Amino acid sequence: MTINIDRIRGQFPSLSETDDGKPRLYFDNPAGTQVPQMVVDRMADCLLHSNANIGGYFTTSIRAGEVADGARAAMVDFLNAPSPDEIIFGQNMTSITFHVSRSIGKLLRPGDEIILSRMDHDANVEPWKLMARDFNLEVRWLEFDTETFEFDLSELDKLLNDKTRLVCVGGASNLTGTINDVKTICRKARDAGAWSFVDAVQSAPHILSDVQDFGCDFFVCSAYKFFGPHQGILWGRRNVLEKLEPYKVRPAPAELPWCFETGTQSHEGMAGTAAAVDYFAWVGETISGARGNRREQLKAGLELLFDYEKQLADQLIAGLVSISGVRVLGIADPDASDRRVPTVSFVHEQYAPSDIARALAERNIFAWSGHNYALELAQVLNIKDSGGAVRIGPVHYNTPHEIDTVVAALRDILGS
Ligand SMILES: Cc1ncc(COP(=O)(O)O)c(C=O)c1O
């Protein structure tokens, strides 16, 4: 099935913005995506008609409660979660992870082990390293193969033992784009008696999340990476969450999920998050023609979009490798495009990543350079002290023409 790209792009008002007559090319999507009009509308509606704290007897308060319930229901469908009580909202993935790490750490004993990955964003590393420091735990590292940019999961087998309590891993790398075999990793963790914590910030915008199928214990993502507002979401398995002591103020509810939601939440963020989920369902229903419930529409929508994104990634990688001096840091084989999200990073033998990103910005092409907080990965790939990499991150609203434009711009900048 082909994607109706004009119809898709028509949902996103910011895609038609220009600066001094120059169109904008948004390739900064792994850092944050643009939002469809339906997200803006839902947030505005919340602020205009449901603007109150939850728990009162009056109209706006009741409506605010409905917004929160609607957002939890949307995330249940988005993640295939068993219950809305397991959906916890927070400011962003980093804050939520720091927060819950404190409760998890309290259950662990000195000498217990946790496994962290060298591929992950620091938000799924440093909270755990600090937890290990504070509770005298041992950190063990899951390395990735620097040739394939993937984990060799037999290495995980060597790290797991009867002292392992937690395995923290990403759904997809924010720098190389590698999609990890989360299901196998979680199964191995479970078989060893450990919990698994999945950072799905970079996979959730591209592939269908299914916490029950993945078999994880915790799952975190951020709506601003999947066409919604700045909002973090944690899913936790109920019987695991119930073991944790929530750090909360005394008057706050003691029950799930509210006990883990510190302070007053962003109801407009929740409204926008629900709308972002509905946007994927809209794609499934309207563009893919999927019938059925929202989950089925989400599946159809995400599959359609990812198929299209794979074509964009293939085109981008083919263009990049044809430029002399460029080295793509990630899976480059088109036959393996199922194993990566369309986030493509590269280095050049001569030009610094920041100079390349600046030259792209002068052409109104938005892209990031640096290590993008994937500190361990940058260290392992030996790019940390040389400015990291240039990251070009298309998503489904980008076009083949835009890919041609960025490749031509790079050819020009890099003199190839
Ligand atoms: C893989 C990954 N994990 C975590 C984060 C942090 O997310 P947040 O900004 O919601 O804290 C990011 C942000 O770029 C990310 O790419």
# chains A, B, ... in the order shown; residues from 1 in each chain; ligands from 1
$ residues_around --residues "stretch 387-394 of chain A" --least-positions-apart "2" --cutoff "8 Å" --atoms "only C-alpha atoms" --output "MDAnalysis selection string"
chainID A and resid 26:30 175 309 312:313 342:347 352:354 356:357 367:372 378 383:385 396:398
$ residues_near_ligand --ligand "ligand 1" --cutoff "9 Å" --atoms "only C-alpha atoms and all ligand atoms" --output "PyMOL selection string"
chain A and resi 30-32+91-97+120-124+170-175+199-203+220-225+230-233+372-374
$ write_last_selection --atoms "C-alpha atoms" --output "mmCIF file, in the first residue's frame"
data_model
loop_
_atom_site.group_PDB
_atom_site.id
_atom_site.type_symbol
_atom_site.label_atom_id
_atom_site.label_comp_id
_atom_site.auth_asym_id
_atom_site.auth_seq_id
_atom_site.Cartn_x
_atom_site.Cartn_y
_atom_site.Cartn_z
ATOM 1 C CA PRO A 30 14.865 12.043 16.755
ATOM 2 C CA ALA A 31 15.253 15.071 19.037
ATOM 3 C CA GLY A 32 11.572 15.954 18.762
ATOM 4 C CA GLN A 91 7.474 15.451 32.867
ATOM 5 C CA ASN A 92 9.702 13.468 30.510
ATOM 6 C CA MET A 93 11.435 10.107 30.279
ATOM 7 C CA THR A 94 14.523 11.296 32.168
ATOM 8 C CA SER A 95 12.602 12.642 35.174
ATOM 9 C CA ILE A 96 10.394 9.563 35.385
ATOM 10 C CA THR A 97 13.400 7.255 35.212
ATOM 11 C CA ASP A 120 21.765 3.624 25.347
ATOM 12 C CA HIS A 121 20.960 7.293 25.770
ATOM 13 C CA ASP A 122 22.313 8.549 29.076
ATOM 14 C CA ALA A 123 18.780 8.805 30.443
ATOM 15 C CA ASN A 124 18.776 5.008 30.598
ATOM 16 C CA GLY A 170 16.738 0.767 24.698
ATOM 17 C CA GLY A 171 14.110 -0.108 22.107
ATOM 18 C CA ALA A 172 16.159 1.691 19.450
ATOM 19 C CA SER A 173 19.368 3.716 19.500
ATOM 20 C CA ASN A 174 18.989 7.477 19.153
ATOM 21 C CA LEU A 175 22.289 7.629 17.280
ATOM 22 C CA ASP A 199 13.644 2.897 27.087
ATOM 23 C CA ALA A 200 11.366 3.051 24.066
ATOM 24 C CA VAL A 201 11.765 6.776 23.423
ATOM 25 C CA GLN A 202 13.244 6.128 19.964
ATOM 26 C CA SER A 203 11.332 3.001 18.988
ATOM 27 C CA VAL A 220 9.173 4.436 29.120
ATOM 28 C CA CYS A 221 8.555 6.743 26.194
ATOM 29 C CA SER A 222 8.113 10.435 25.427
ATOM 30 C CA ALA A 223 5.188 11.856 23.475
ATOM 31 C CA TYR A 224 7.185 14.713 21.948
ATOM 32 C CA LYS A 225 9.126 12.104 19.966
ATOM 33 C CA HIS A 230 6.428 17.281 25.930
ATOM 34 C CA GLN A 231 5.163 14.485 28.137
ATOM 35 C CA GLY A 232 6.822 11.406 29.549
ATOM 36 C CA ILE A 233 5.019 8.118 30.075
ATOM 37 C CA ASN A 372 23.133 13.309 21.343
ATOM 38 C CA TYR A 373 23.526 12.111 24.952
ATOM 39 C CA ALA A 374 24.472 8.618 23.785
#
$ residues_around --residues "A:Gly284" --least-positions-apart "3" --cutoff "7 Å" --atoms "only C-alpha atoms" --output "ChimeraX atom specification"
/A:280-281,287-290,297-298,300-301
$ select_by_dssp --residues "stretch 39-75 of chain A" --states "alpha helix (DSSP H)" --output "count of residues only"
28
$ atom_distance --atom1 "atom CA of A:Pro36" --atom2 "atom CA of A:Asp278"
10.5 Å
$ closest_residue --among "A:Ala73, A:Leu166, A:Val100, A:Leu137" --to "A:Lys248" --atoms "only C-alpha atoms"
A:Val100
$ select_by_dssp --residues "stretch 178-262 of chain A" --states "strand (DSSP E)" --output "PDB file with N, CA and C atoms, in the first residue's frame"
ATOM      1  N   TRP A 195      14.311  -7.970  36.614  1.00  0.00           N
ATOM      2  CA  TRP A 195      13.350  -7.103  35.941  1.00  0.00           C
ATOM      3  C   TRP A 195      14.012  -6.466  34.720  1.00  0.00           C
ATOM      4  N   SER A 196      13.164  -6.049  33.777  1.00  0.00           N
ATOM      5  CA  SER A 196      13.701  -5.345  32.602  1.00  0.00           C
ATOM      6  C   SER A 196      13.052  -3.966  32.495  1.00  0.00           C
ATOM      7  N   PHE A 197      13.872  -3.002  32.102  1.00  0.00           N
ATOM      8  CA  PHE A 197      13.431  -1.608  31.966  1.00  0.00           C
ATOM      9  C   PHE A 197      13.755  -1.183  30.535  1.00  0.00           C
ATOM     10  N   VAL A 198      12.718  -0.927  29.748  1.00  0.00           N
ATOM     11  CA  VAL A 198      12.921  -0.625  28.323  1.00  0.00           C
ATOM     12  C   VAL A 198      12.714   0.868  28.071  1.00  0.00           C
ATOM     13  N   ASP A 199      13.746   1.501  27.520  1.00  0.00           N
ATOM     14  CA  ASP A 199      13.644   2.897  27.087  1.00  0.00           C
ATOM     15  C   ASP A 199      13.212   2.894  25.624  1.00  0.00           C
ATOM     16  N   PHE A 218       9.136  -2.644  32.974  1.00  0.00           N
ATOM     17  CA  PHE A 218       8.957  -1.194  32.871  1.00  0.00           C
ATOM     18  C   PHE A 218       9.186  -0.792  31.420  1.00  0.00           C
ATOM     19  N   PHE A 219       8.498   0.259  31.020  1.00  0.00           N
ATOM     20  CA  PHE A 219       8.589   0.712  29.626  1.00  0.00           C
ATOM     21  C   PHE A 219       8.378   2.224  29.654  1.00  0.00           C
ATOM     22  N   VAL A 220       9.309   2.969  29.100  1.00  0.00           N
ATOM     23  CA  VAL A 220       9.173   4.436  29.120  1.00  0.00           C
ATOM     24  C   VAL A 220       9.240   5.003  27.712  1.00  0.00           C
ATOM     25  N   CYS A 221       8.474   6.053  27.484  1.00  0.00           N
ATOM     26  CA  CYS A 221       8.555   6.743  26.194  1.00  0.00           C
ATOM     27  C   CYS A 221       8.168   8.210  26.397  1.00  0.00           C
ATOM     28  N   SER A 222       8.355   8.995  25.344  1.00  0.00           N
ATOM     29  CA  SER A 222       8.113  10.435  25.427  1.00  0.00           C
ATOM     30  C   SER A 222       7.260  10.866  24.251  1.00  0.00           C
ATOM     31  N   GLY A 232       6.233  12.733  29.402  1.00  0.00           N
ATOM     32  CA  GLY A 232       6.822  11.406  29.549  1.00  0.00           C
ATOM     33  C   GLY A 232       5.780  10.416  30.035  1.00  0.00           C
ATOM     34  N   ILE A 233       5.967   9.166  29.661  1.00  0.00           N
ATOM     35  CA  ILE A 233       5.019   8.118  30.075  1.00  0.00           C
ATOM     36  C   ILE A 233       5.807   6.883  30.518  1.00  0.00           C
ATOM     37  N   LEU A 234       5.426   6.376  31.679  1.00  0.00           N
ATOM     38  CA  LEU A 234       5.990   5.114  32.163  1.00  0.00           C
ATOM     39  C   LEU A 234       4.867   4.089  32.241  1.00  0.00           C
ATOM     40  N   TRP A 235       5.124   2.910  31.694  1.00  0.00           N
ATOM     41  CA  TRP A 235       4.257   1.780  32.002  1.00  0.00           C
ATOM     42  C   TRP A 235       5.050   0.869  32.933  1.00  0.00           C
ATOM     43  N   GLY A 236       4.382   0.382  33.972  1.00  0.00           N
ATOM     44  CA  GLY A 236       5.017  -0.593  34.853  1.00  0.00           C
ATOM     45  C   GLY A 236       4.044  -1.737  35.102  1.00  0.00           C
TER      46      GLY A 236
END
$ atom_distance --atom1 "atom CA of A:Asp162" --atom2 "atom CA of A:Arg190"
11.2 Å
$ residues_around --residues "A:His49" --least-positions-apart "6" --cutoff "10 Å" --atoms "only C-alpha atoms" --output "list in words"
Met43, Thr59, Thr60, Ser61, Arg63 and Ala64 of chain A
$ closest_residue --among "A:Val328, A:Val249, A:Ala361, A:Ala318" --to "A:Pro23" --atoms "only C-alpha atoms"
A:Ala361
$ atom_distance --atom1 "atom CA of A:Val39" --atom2 "atom CA of A:Gly55"
24.7 Å
$ closest_residue --among "A:Leu304, A:Ala71, A:Ile87, A:Leu316" --to "A:Pro400" --atoms "only C-alpha atoms"
A:Leu316
$ closest_residue --among "A:Arg411, A:Arg72, A:Arg102, A:Arg237" --to "A:Lys129" --atoms "only C-alpha atoms"
A:Arg102
$ residues_around --residues "A:Ile331" --least-positions-apart "5" --cutoff "9 Å" --atoms "only C-alpha atoms" --output "PyMOL selection string"
chain A and resi 147-150+176-178+336-337+339-340+344
